[in-house]
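Source file: protein.csv; contents: CSV, N, CA and C atoms.
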chain,number,residue,atom,x,y,z
A,1,MET,N,-16.8,5.1,-23.5
A,1,MET,CA,-15.9,4.8,-24.6
A,1,MET,C,-15.7,6.1,-25.4
A,2,PHE,N,-16.8,6.8,-25.7
A,2,PHE,CA,-16.6,8.0,-26.5
A,2,PHE,C,-15.7,9.1,-25.8
A,3,PRO,N,-15.9,9.3,-24.5
A,3,PRO,CA,-15.0,10.3,-23.9
A,3,PRO,C,-13.5,9.9,-24.0
A,4,ARG,N,-13.2,8.6,-23.9
A,4,ARG,CA,-11.8,8.2,-23.9
A,4,ARG,C,-11.3,8.4,-25.3
A,5,LEU,N,-12.1,8.1,-26.4
A,5,LEU,CA,-11.7,8.3,-27.7
A,5,LEU,C,-11.4,9.8,-28.0
A,6,LEU,N,-12.3,10.6,-27.5
A,6,LEU,CA,-12.1,12.0,-27.6
A,6,LEU,C,-10.8,12.5,-27.0
A,7,SER,N,-10.5,12.0,-25.8
A,7,SER,CA,-9.3,12.5,-25.1
A,7,SER,C,-8.0,12.0,-25.8
A,8,VAL,N,-8.1,10.8,-26.4
A,8,VAL,CA,-6.9,10.2,-27.1
A,8,VAL,C,-6.7,11.1,-28.4
A,9,THR,N,-7.8,11.5,-29.0
A,9,THR,CA,-7.7,12.3,-30.2
A,9,THR,C,-7.2,13.7,-29.9
A,10,ALA,N,-7.6,14.2,-28.7
A,10,ALA,CA,-7.2,15.5,-28.3
A,10,ALA,C,-5.7,15.5,-28.0
A,11,VAL,N,-5.2,14.5,-27.3
A,11,VAL,CA,-3.8,14.3,-27.0
A,11,VAL,C,-3.0,14.2,-28.3
A,12,ALA,N,-3.5,13.4,-29.2
A,12,ALA,CA,-2.8,13.2,-30.5
A,12,ALA,C,-2.7,14.6,-31.2
A,13,ALA,N,-3.7,15.3,-31.2
A,13,ALA,CA,-3.8,16.6,-31.9
A,13,ALA,C,-2.8,17.6,-31.3
A,14,ILE,N,-2.7,17.6,-29.9
A,14,ILE,CA,-1.7,18.4,-29.2
A,14,ILE,C,-0.3,18.1,-29.6
A,15,PHE,N,0.0,16.8,-29.6
A,15,PHE,CA,1.4,16.3,-30.0
A,15,PHE,C,1.7,16.7,-31.4
A,16,CYS,N,0.7,16.6,-32.3
A,16,CYS,CA,0.9,16.9,-33.7
A,16,CYS,C,1.3,18.4,-33.8
A,17,LEU,N,0.5,19.3,-33.1
A,17,LEU,CA,0.7,20.7,-33.2
A,17,LEU,C,2.0,21.1,-32.6
A,18,VAL,N,2.4,20.5,-31.5
A,18,VAL,CA,3.7,20.8,-30.9
A,18,VAL,C,4.8,20.3,-31.8
A,19,GLY,N,4.7,19.1,-32.3
A,19,GLY,CA,5.7,18.6,-33.3
A,19,GLY,C,5.8,19.5,-34.5
A,20,CYS,N,4.7,19.9,-35.1
A,20,CYS,CA,4.7,20.7,-36.3
A,20,CYS,C,5.4,22.1,-36.0
A,21,SER,N,5.1,22.7,-34.9
A,21,SER,CA,5.6,24.0,-34.6
A,21,SER,C,7.1,23.9,-34.4
A,22,SER,N,7.6,22.9,-33.7
A,22,SER,CA,9.0,22.8,-33.5
A,22,SER,C,9.7,22.4,-34.8
A,23,THR,N,9.1,21.7,-35.7
A,23,THR,CA,9.7,21.4,-37.0
A,23,THR,C,9.8,22.7,-37.8
A,24,GLU,N,8.8,23.5,-37.8
A,24,GLU,CA,8.8,24.8,-38.5
A,24,GLU,C,9.9,25.7,-38.0
A,25,ALA,N,10.1,25.7,-36.6
A,25,ALA,CA,11.1,26.5,-36.0
A,25,ALA,C,12.5,26.0,-36.4
A,26,ASP,N,12.7,24.6,-36.4
A,26,ASP,CA,13.9,24.0,-36.8
A,26,ASP,C,14.2,24.4,-38.3
A,27,ALA,N,13.2,24.3,-39.1
A,27,ALA,CA,13.4,24.6,-40.5
A,27,ALA,C,13.9,26.1,-40.7
A,28,ALA,N,13.2,27.0,-40.0
A,28,ALA,CA,13.6,28.4,-40.1
A,28,ALA,C,15.0,28.6,-39.6
A,29,THR,N,15.4,27.9,-38.5
A,29,THR,CA,16.8,28.0,-38.0
A,29,THR,C,17.8,27.5,-39.1
A,30,GLN,N,17.5,26.4,-39.7
A,30,GLN,CA,18.4,25.8,-40.7
A,30,GLN,C,18.5,26.7,-41.9
A,31,GLN,N,17.4,27.4,-42.3
A,31,GLN,CA,17.5,28.3,-43.4
A,31,GLN,C,18.3,29.5,-43.2
A,32,THR,N,18.4,30.0,-41.9
A,32,THR,CA,19.1,31.2,-41.7
A,32,THR,C,20.6,30.9,-41.4
A,33,GLU,N,21.0,29.7,-41.0
A,33,GLU,CA,22.4,29.4,-40.7
A,33,GLU,C,23.2,29.3,-42.0
A,34,GLU,N,24.4,29.8,-42.0
A,34,GLU,CA,25.3,29.7,-43.1
A,34,GLU,C,25.8,28.3,-43.3
A,35,PRO,N,25.8,27.7,-44.5
A,35,PRO,CA,26.4,26.4,-44.6
A,35,PRO,C,27.8,26.4,-44.2
A,36,ALA,N,28.2,25.3,-43.5
A,36,ALA,CA,29.6,25.2,-43.1
A,36,ALA,C,30.4,24.7,-44.2
A,37,GLU,N,31.6,25.4,-44.4
A,37,GLU,CA,32.5,24.9,-45.5
A,37,GLU,C,33.1,23.6,-45.0
A,38,SER,N,33.1,22.6,-45.8
A,38,SER,CA,33.7,21.3,-45.4
A,38,SER,C,34.7,20.9,-46.4
A,39,LYS,N,35.6,20.1,-45.9
A,39,LYS,CA,36.6,19.5,-46.7
A,39,LYS,C,36.0,18.3,-47.5
A,40,PRO,N,36.3,18.1,-48.7
A,40,PRO,CA,35.8,17.0,-49.5
A,40,PRO,C,36.1,15.7,-48.8
A,41,MET,N,35.2,14.7,-49.0
A,41,MET,CA,35.5,13.3,-48.5
A,41,MET,C,36.7,12.8,-49.2
A,42,THR,N,37.6,12.2,-48.5
A,42,THR,CA,38.9,11.7,-49.1
A,42,THR,C,39.1,10.2,-48.8
A,43,VAL,N,39.9,9.6,-49.6
A,43,VAL,CA,40.4,8.2,-49.4
A,43,VAL,C,41.9,8.3,-49.7
A,44,THR,N,42.6,7.3,-49.2
A,44,THR,CA,44.0,7.2,-49.5
A,44,THR,C,44.3,6.0,-50.4
A,45,ASP,N,45.0,6.2,-51.5
A,45,ASP,CA,45.2,5.1,-52.4
A,45,ASP,C,46.4,4.2,-51.9
A,46,GLU,N,46.7,3.3,-52.8
A,46,GLU,CA,47.8,2.3,-52.4
A,46,GLU,C,49.1,2.9,-52.2
A,47,LYS,N,49.4,4.1,-52.8
A,47,LYS,CA,50.7,4.7,-52.7
A,47,LYS,C,50.7,5.8,-51.6
A,48,GLY,N,49.6,5.9,-50.9
A,48,GLY,CA,49.5,6.8,-49.8
A,48,GLY,C,49.0,8.2,-50.2
A,49,GLN,N,48.6,8.4,-51.4
A,49,GLN,CA,48.2,9.7,-51.9
A,49,GLN,C,46.7,9.9,-51.5
A,50,GLU,N,46.4,11.0,-51.0
A,50,GLU,CA,45.0,11.4,-50.6
A,50,GLU,C,44.2,11.8,-51.9
A,51,LEU,N,43.1,11.2,-52.1
A,51,LEU,CA,42.2,11.5,-53.2
A,51,LEU,C,40.9,11.9,-52.7
A,52,ALA,N,40.3,12.9,-53.4
A,52,ALA,CA,38.9,13.4,-53.2
A,52,ALA,C,38.0,12.3,-53.8
A,53,VAL,N,36.9,12.1,-53.1
A,53,VAL,CA,35.9,11.2,-53.6
A,53,VAL,C,34.8,12.0,-54.3
A,54,PHE,N,34.5,11.6,-55.6
A,54,PHE,CA,33.4,12.3,-56.3
A,54,PHE,C,32.1,12.1,-55.7
A,55,ILE,N,31.4,13.2,-55.5
A,55,ILE,CA,30.0,13.2,-55.0
A,55,ILE,C,29.1,13.9,-55.9
A,56,ASP,N,27.8,13.6,-56.0
A,56,ASP,CA,26.9,14.3,-56.8
A,56,ASP,C,26.4,15.5,-56.1
A,57,SER,N,25.5,16.3,-56.7
A,57,SER,CA,25.0,17.5,-56.2
A,57,SER,C,24.2,17.3,-54.9
A,58,ASN,N,23.8,16.1,-54.6
A,58,ASN,CA,23.0,15.8,-53.4
A,58,ASN,C,24.0,15.4,-52.3
A,59,GLY,N,25.3,15.3,-52.6
A,59,GLY,CA,26.2,14.9,-51.5
A,59,GLY,C,26.4,13.4,-51.4
A,60,ASP,N,25.9,12.6,-52.4
A,60,ASP,CA,26.0,11.2,-52.4
A,60,ASP,C,27.2,10.8,-53.2
A,61,VAL,N,27.9,9.7,-52.8
A,61,VAL,CA,28.9,9.1,-53.7
A,61,VAL,C,28.2,8.6,-54.9
A,62,ASN,N,28.7,8.8,-56.1
A,62,ASN,CA,27.9,8.6,-57.3
A,62,ASN,C,28.7,8.0,-58.4
A,63,CYS,N,28.2,7.1,-59.1
A,63,CYS,CA,28.8,6.6,-60.3
A,63,CYS,C,28.5,7.6,-61.4
A,64,PRO,N,29.5,8.3,-61.9
A,64,PRO,CA,29.2,9.3,-62.9
A,64,PRO,C,28.8,8.8,-64.3
A,65,LEU,N,29.1,7.6,-64.6
A,65,LEU,CA,28.7,7.1,-65.9
A,65,LEU,C,27.2,6.8,-66.0
A,66,MET,N,26.6,6.2,-64.9
A,66,MET,CA,25.2,5.9,-64.9
A,66,MET,C,24.4,6.9,-64.1
A,67,ASN,N,25.1,7.8,-63.4
A,67,ASN,CA,24.5,8.8,-62.6
A,67,ASN,C,23.6,8.2,-61.5
A,68,LEU,N,24.2,7.2,-60.8
A,68,LEU,CA,23.5,6.5,-59.7
A,68,LEU,C,24.3,6.6,-58.4
A,69,PRO,N,23.5,6.8,-57.3
A,69,PRO,CA,24.2,6.8,-56.0
A,69,PRO,C,24.9,5.4,-55.9
A,70,THR,N,26.2,5.5,-55.5
A,70,THR,CA,26.9,4.2,-55.4
A,70,THR,C,27.7,4.3,-54.1
A,71,PRO,N,27.2,3.8,-53.0
A,71,PRO,CA,27.9,3.8,-51.7
A,71,PRO,C,29.3,3.1,-51.9
A,72,ILE,N,30.3,3.6,-51.3
A,72,ILE,CA,31.6,3.0,-51.4
A,72,ILE,C,31.6,1.5,-51.1
A,73,GLU,N,30.9,1.1,-50.1
A,73,GLU,CA,31.0,-0.3,-49.7
A,73,GLU,C,30.3,-1.2,-50.7
A,74,ARG,N,29.5,-0.6,-51.6
A,74,ARG,CA,28.8,-1.4,-52.7
A,74,ARG,C,29.4,-1.3,-54.0
A,75,ALA,N,30.3,-0.3,-54.2
A,75,ALA,CA,30.9,-0.1,-55.5
A,75,ALA,C,31.7,-1.3,-55.9
A,76,LEU,N,31.7,-1.6,-57.2
A,76,LEU,CA,32.4,-2.8,-57.7
A,76,LEU,C,33.8,-2.4,-58.2
A,77,GLY,N,34.1,-1.2,-58.2
A,77,GLY,CA,35.4,-0.8,-58.6
A,77,GLY,C,35.5,0.7,-58.6
A,78,HIS,N,36.7,1.2,-59.0
A,78,HIS,CA,36.9,2.7,-59.0
A,78,HIS,C,38.0,3.0,-60.0
A,79,VAL,N,38.0,4.3,-60.4
A,79,VAL,CA,39.1,4.8,-61.3
A,79,VAL,C,39.5,6.1,-60.6
A,80,ASP,N,40.9,6.3,-60.6
A,80,ASP,CA,41.4,7.6,-60.1
A,80,ASP,C,41.9,8.4,-61.2
A,81,VAL,N,41.5,9.7,-61.3
A,81,VAL,CA,41.9,10.6,-62.3
A,81,VAL,C,42.1,12.0,-61.7
A,82,ASP,N,43.3,12.5,-61.9
A,82,ASP,CA,43.7,13.8,-61.4
A,82,ASP,C,43.4,14.1,-59.9
A,83,GLY,N,43.7,13.1,-59.1
A,83,GLY,CA,43.4,13.3,-57.6
A,83,GLY,C,42.0,13.1,-57.2
A,84,VAL,N,41.2,12.6,-58.0
A,84,VAL,CA,39.8,12.3,-57.7
A,84,VAL,C,39.5,10.8,-57.9
A,85,ARG,N,38.8,10.2,-56.9
A,85,ARG,CA,38.4,8.8,-57.1
A,85,ARG,C,36.9,8.8,-57.5
A,86,TYR,N,36.6,8.0,-58.5
A,86,TYR,CA,35.3,7.8,-59.0
A,86,TYR,C,34.9,6.4,-58.8
A,87,TYR,N,33.9,6.1,-58.0
A,87,TYR,CA,33.4,4.8,-57.8
A,87,TYR,C,32.4,4.4,-58.8
A,88,MET,N,32.5,3.1,-59.3
A,88,MET,CA,31.6,2.6,-60.3
A,88,MET,C,30.6,1.6,-59.7
A,89,CYS,N,29.4,1.7,-60.3
A,89,CYS,CA,28.3,0.9,-59.8
A,89,CYS,C,28.2,-0.5,-60.4
A,90,CYS,N,28.8,-0.8,-61.5
A,90,CYS,CA,28.7,-2.1,-62.1
A,90,CYS,C,29.9,-2.4,-63.0
A,91,THR,N,30.0,-3.7,-63.4
A,91,THR,CA,31.2,-4.1,-64.2
A,91,THR,C,31.2,-3.4,-65.6
A,92,SER,N,30.1,-3.1,-66.1
A,92,SER,CA,30.1,-2.3,-67.4
A,92,SER,C,30.7,-1.0,-67.3
A,93,CYS,N,30.4,-0.3,-66.2
A,93,CYS,CA,31.0,1.0,-65.9
A,93,CYS,C,32.5,0.9,-65.6
A,94,ILE,N,32.9,-0.1,-64.9
A,94,ILE,CA,34.3,-0.3,-64.7
A,94,ILE,C,35.0,-0.5,-66.0
A,95,GLY,N,34.5,-1.3,-66.9
A,95,GLY,CA,35.1,-1.5,-68.2
A,95,GLY,C,35.2,-0.2,-69.0
A,96,MET,N,34.2,0.6,-69.0
A,96,MET,CA,34.2,1.9,-69.7
A,96,MET,C,35.2,2.8,-69.0
A,97,ALA,N,35.3,2.8,-67.7
A,97,ALA,CA,36.2,3.7,-67.0
A,97,ALA,C,37.6,3.3,-67.2
A,98,ASP,N,37.9,2.0,-67.3
A,98,ASP,CA,39.3,1.6,-67.6
A,98,ASP,C,39.7,2.0,-69.0
A,99,LYS,N,38.8,2.0,-69.9
A,99,LYS,CA,39.1,2.3,-71.3
A,99,LYS,C,39.3,3.8,-71.5
A,100,ASN,N,38.5,4.6,-70.7
A,100,ASN,CA,38.5,6.1,-70.9
A,100,ASN,C,38.3,6.8,-69.6
A,101,PRO,N,39.4,6.8,-68.7
A,101,PRO,CA,39.2,7.4,-67.4
A,101,PRO,C,38.9,8.9,-67.5
A,102,GLU,N,39.5,9.6,-68.5
A,102,GLU,CA,39.3,11.0,-68.7
A,102,GLU,C,37.8,11.3,-69.0
A,103,GLY,N,37.2,10.4,-69.8
A,103,GLY,CA,35.8,10.5,-70.1
A,103,GLY,C,34.9,10.5,-68.8
A,104,VAL,N,35.3,9.7,-67.8
A,104,VAL,CA,34.6,9.6,-66.6
A,104,VAL,C,34.7,10.9,-65.9
A,105,ALA,N,35.9,11.5,-65.9
A,105,ALA,CA,36.1,12.8,-65.2
A,105,ALA,C,35.2,13.9,-65.9
A,106,ASP,N,35.2,13.9,-67.3
A,106,ASP,CA,34.4,14.9,-68.0
A,106,ASP,C,32.9,14.7,-67.7
A,107,LYS,N,32.5,13.5,-67.6
A,107,LYS,CA,31.0,13.2,-67.3
A,107,LYS,C,30.7,13.7,-65.9
A,108,ALA,N,31.6,13.5,-65.0
A,108,ALA,CA,31.4,13.9,-63.6
A,108,ALA,C,31.4,15.4,-63.5
A,109,LYS,N,32.2,16.1,-64.3
A,109,LYS,CA,32.2,17.6,-64.3
A,109,LYS,C,30.9,18.1,-64.8
A,110,SER,N,30.3,17.4,-65.7
A,110,SER,CA,29.0,17.9,-66.2
A,110,SER,C,27.9,17.6,-65.2
A,111,LEU,N,28.0,16.6,-64.4
A,111,LEU,CA,27.0,16.3,-63.4
A,111,LEU,C,27.1,17.2,-62.1
A,112,ASN,N,28.3,17.6,-61.7
A,112,ASN,CA,28.4,18.4,-60.5
A,112,ASN,C,29.6,19.3,-60.6
A,113,PRO,N,29.4,20.4,-61.4
A,113,PRO,CA,30.6,21.3,-61.5
A,113,PRO,C,31.0,22.0,-60.2
A,114,ALA,N,30.0,22.1,-59.3
A,114,ALA,CA,30.3,22.7,-58.0
A,114,ALA,C,31.3,21.9,-57.2
A,115,PHE,N,31.3,20.6,-57.3
A,115,PHE,CA,32.3,19.7,-56.6
A,115,PHE,C,33.7,20.1,-57.0
A,116,PHE,N,33.9,20.3,-58.3
A,116,PHE,CA,35.2,20.6,-58.8
A,116,PHE,C,35.6,22.0,-58.5
A,117,THR,N,34.7,23.0,-58.5
A,117,THR,CA,35.0,24.3,-58.1
A,117,THR,C,35.4,24.3,-56.6
A,118,ALA,N,34.7,23.6,-55.8
A,118,ALA,CA,35.1,23.6,-54.3
A,118,ALA,C,36.4,22.9,-54.2
A,119,LEU,N,36.7,21.8,-55.0
A,119,LEU,CA,37.9,21.1,-54.9
A,119,LEU,C,39.1,22.0,-55.3
A,120,ASP,N,38.9,22.9,-56.3
A,120,ASP,CA,39.9,23.8,-56.7
A,120,ASP,C,40.2,24.8,-55.6
A,121,VAL,N,39.2,25.3,-55.0
A,121,VAL,CA,39.3,26.3,-53.9
A,121,VAL,C,40.1,25.7,-52.8
A,122,THR,N,39.7,24.4,-52.4
A,122,THR,CA,40.4,23.7,-51.3
A,122,THR,C,41.8,23.5,-51.6
A,123,GLU,N,42.2,23.1,-52.8
A,123,GLU,CA,43.5,22.9,-53.2
A,123,GLU,C,44.3,24.2,-53.2
A,124,GLU,N,43.7,25.3,-53.7
A,124,GLU,CA,44.4,26.5,-53.7
A,124,GLU,C,44.7,27.0,-52.2
A,125,ALA,N,43.7,26.8,-51.3
A,125,ALA,CA,43.9,27.2,-49.9
A,125,ALA,C,45.0,26.4,-49.3
A,126,ALA,N,45.2,25.1,-49.7
A,126,ALA,CA,46.2,24.3,-49.1
A,126,ALA,C,47.6,24.7,-49.6
A,127,SER,N,47.7,25.3,-50.7
A,127,SER,CA,49.0,25.7,-51.3
A,127,SER,C,49.6,26.9,-50.6

So that I can check it, write out the structure of this file as structure tokens.
Amino acid sequence: MFPRLLSVTAVAAIFCLVGCSSTEADAATQQTEEPAESKPMTVTDEKGQELAVFIDSNGDVNCPLMNLPTPIERALGHVDVDGVRYYMCCTSCIGMADKNPEGVADKAKSLNPAFFTALDVTEEAAS
């Protein structure tokens, strides 16, 4: 019994070491690669206009009023402001967004200014 336990432990240790070394190599590769420039996620509104979807600094679709990740399929509503669609997490946020859509955009800009910088660069390149 003891030799079998020892061999199982040895095999597990080898797999762990092999897995750890490949993970470290993968992490080193990821750190040296340049991030790919990507086009913002977009949706098309009822009029056929393409809108950028607001994402937070982690790359998640986000309700800017509550600062909560809000997957599109779970969002209870949205507001469109200046070519950007903001998804809302709850009926309270929808109500606030309907009353003050520009306030939603201002809040979003404070949460993730890089999103809007990238959006401006993308729009300028398309012109």

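Of the residues under consideration (A:Val104, A:Leu65, A:Ala118, A:Val84), A:Val84 shows the shortest atom-to-atom contact distance to A:Glu50 when counting only N, CA and C atoms.
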
Notebook entry, point to check: What's the 8 Å shell around A:Pro64, counting all atoms listed in the file, without same-chain residues fewer than 5 positions away, as a list in words?
Noted result: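 Counting only the stated atoms, we get Phe54, Pro69, Thr70, Tyr86, Tyr87, Met88, Cys89, Gly103, Val104, Ala105, Asp106, Lys107, Ala108, Lys109 and Leu111 of chain A.
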
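Distance-wise, atom CA of A:Met66 and atom CA of A:Gln49 end up 26.7 Å apart.
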
Notebook entry, point to check: How many Å lie between atom CA of A:Ala97 and atom CA of A:Val81, rounded to one decimal?
Noted result: 10.1 Å

Box centre and edge lengths (Å, one decimal), axis-aligned, stretch 108-117 of chain A plus 3 Å each side, as AutoDock Vina command-line options:
--center_x 31.3 --center_y 18.9 --center_z -61.4 --size_x 14.6 --size_y 16.8 --size_z 15.6

Check: For A:Cys90, which residue out of A:Val53, A:Met41, A:Cys63, A:Ile72 is the nearest one, using only N, CA and C atoms?
Finding: A:Cys63

Next item on the list: Work out how far atom N of A:Ser110 is from atom N of A:Ser92, in Å to one decimal.
Entry: 20.5 Å

Checklist line | Close residues, A:Phe115 itself excluded, 8 Å, all atoms listed in the file, min 5 positions apart in chain, as a ChimeraX atom specification | finding: /A:54-57,109,120-121

Checklist line | Minimum-distance residue to A:Pro40, chosen among A:Asp98, A:Asp80, A:Asp60, A:Glu73 (using only C-alpha atoms) | finding: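 Of A:Asp98, A:Asp80, A:Asp60, A:Glu73, the one nearest A:Pro40 is A:Asp60, counting only C-alpha atoms.
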
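Minimum atom-to-atom distance to A:Pro101, evaluated using all atoms listed in the file, belongs to A:Val79 out of A:Val79, A:Val43, A:Val61, A:Ala52.
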